[in-house]
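Here's the structure, in structure tokens; my notes come after.
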Amino acid sequence: MAEVAGSIPARPIRKEVYFMDPEYSVKQKPIRVVIPKVLLFASAGIIFYLALLLNFKLLELKISDWIHILITSILAALLIVESLLVFYNSKKQVYDFFTDRATHKEEVIHYNIVSSIKVEENLFDHLFKTGTVVLEPGFEVKHVENPHHLFTYLEDSIRNNKFKYSQSRE
């Protein structure tokens, strides 16, 4: 291929594109993601507010009631904005499962390299009846409902894929 002086050389761009529809898809449970983040953010806001009050007290500054209301309103507005952002972002989190791989955003794990699979549940997962399915090495399906059902599905898919992979190598 001839190049014109001063032009950018033509390079083929290769990106793996899969045109198959997933066999199975799951989404995160938004409330499971939002509540812990809101509690954490609210706790940080309370600590920040108390630290401000302590500073004013140590500096022997008297602040008016409207400053208290202003600070509280700003913190409340930030809390609402943060919870809405987390909610909408968590609604977009989709995990797709194909016959040979699992995907999430740009992350892809092929079943033939999975060394182990397990379900993890913490206190919030028990409260919201969710869990995290971990595919080693390094792929997590976080905050999904019915994690044991997904675990069984993935275990079968991985076993079938590894069997097919071993058959094709022989």
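Chain identifiers are assigned as A, B, and so on, following the order in which chains appear in the structure tokens; residues are numbered from 1 within each chain, and ligands are numbered from 1 in order of appearance.
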
Practice task
Could you give me the residues within range 51-82 of chain A that DSSP places in alpha helix (DSSP H), as a list of chain:residue names?
Solution key: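 DSSP on the backbone gives alpha helix (DSSP H) at A:Ala51, A:Leu52, A:Leu53, A:Leu54, A:Asn55, A:Phe56, A:Lys57, A:Leu58, A:Asp65, A:Trp66, A:Ile67, A:His68, A:Ile69, A:Leu70, A:Ile71, A:Thr72, A:Ser73, A:Ile74, A:Leu75, A:Ala76, A:Ala77, A:Leu78, A:Leu79, A:Ile80, A:Val81, A:Glu82.
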
Surrounding residues of Gln28 in chain A excluding itself and chain neighbours under 5 positions, 7 Å, only C-alpha atoms, as a short mmCIF file (atom, residue, chain, number, x, y, z; two decimals) with C-alpha atoms, in the first residue's frame:
```
data_model
loop_
_atom_site.label_atom_id
_atom_site.label_comp_id
_atom_site.auth_asym_id
_atom_site.auth_seq_id
_atom_site.Cartn_x
_atom_site.Cartn_y
_atom_site.Cartn_z
CA SER A 90 -26.00 0.74 39.00
CA LYS A 91 -29.07 0.32 36.76
CA GLN A 93 -24.50 -2.46 35.13
CA VAL A 94 -25.28 -5.54 33.03
CA LYS A 142 -21.43 -7.99 41.99
CA HIS A 143 -24.69 -7.36 43.85
CA VAL A 144 -26.99 -9.65 41.86
#
```

Practice task
Would you mind writing down, as a PyMOL selection string, each residue of chain A that DSSP on the backbone assigns to strand (DSSP E or B)?
Solution key: chain A and resi 24-27+94-97+101-104+107-110+116-120+130-136+139-145

Exercise for the section: Report the distance between CA of Asn112 in chain A and CA of Phe97 in chain A in Å, rounded to one decimal place. Expected result: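 CA of Phe97 in chain A lies 13.7 Å from CA of Asn112 in chain A.
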
Practice task
Report the distance between CA of His149 in chain A and CA of Asp125 in chain A in Å, rounded to one decimal place.
Solution key: 14.9 Å

Problem - Contact residues around Ile109 in chain A with only C-alpha atoms at 12 Å, ignoring same-chain residues under 4 positions, as a ChimeraX atom specification - result: /A:95-105,113-115,134-141,154,158

Handout entry: Residue contacts of Ile80 in chain A (12 Å, only C-alpha atoms) excluding same-chain residues fewer than 4 positions away, as a PyMOL selection string
Key = chain A and resi 34-35+37-39+41-42+73-76+84-87

Handout entry: Between CA of Leu123 in chain A and CA of Leu50 in chain A - distance in Å to one decimal
Key =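 Those two atoms sit 27.8 Å apart.
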
Exercise for the section: Check the smallest atom-to-atom distance from each of A:Ile47, A:Ile31, A:Val81, A:Ile117 to Lys129 in chain A using only C-alpha atoms, then report the winner. Expected result: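 Distance minimum relative to Lys129 in chain A lands on A:Ile31.
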
Handout entry: Which residue of A:Leu78, A:Glu60, A:Ala51, A:Arg159 approaches Tyr111 in chain A most closely, using only C-alpha atoms
Key =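 Nearest to Tyr111 in chain A: A:Arg159.
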
Handout entry: Selection near His148 in chain A, 9 Å with only C-alpha atoms, sequence-local residues under 6 positions removed, as a PyMOL selection string
Key = chain A and resi 119+131+133

Could you dump the residues just selected with C-alpha atoms as a compact mmCIF listing (two decimals), in the first residue's frame?
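So selection11.txt came out as:
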```txt
# COMPACT_ATOMS: atom_id res chain seq x y z
CA VAL A 119 -20.37 -17.03 45.92
CA GLY A 131 -24.51 -11.75 46.42
CA VAL A 133 -20.21 -14.49 42.17
```
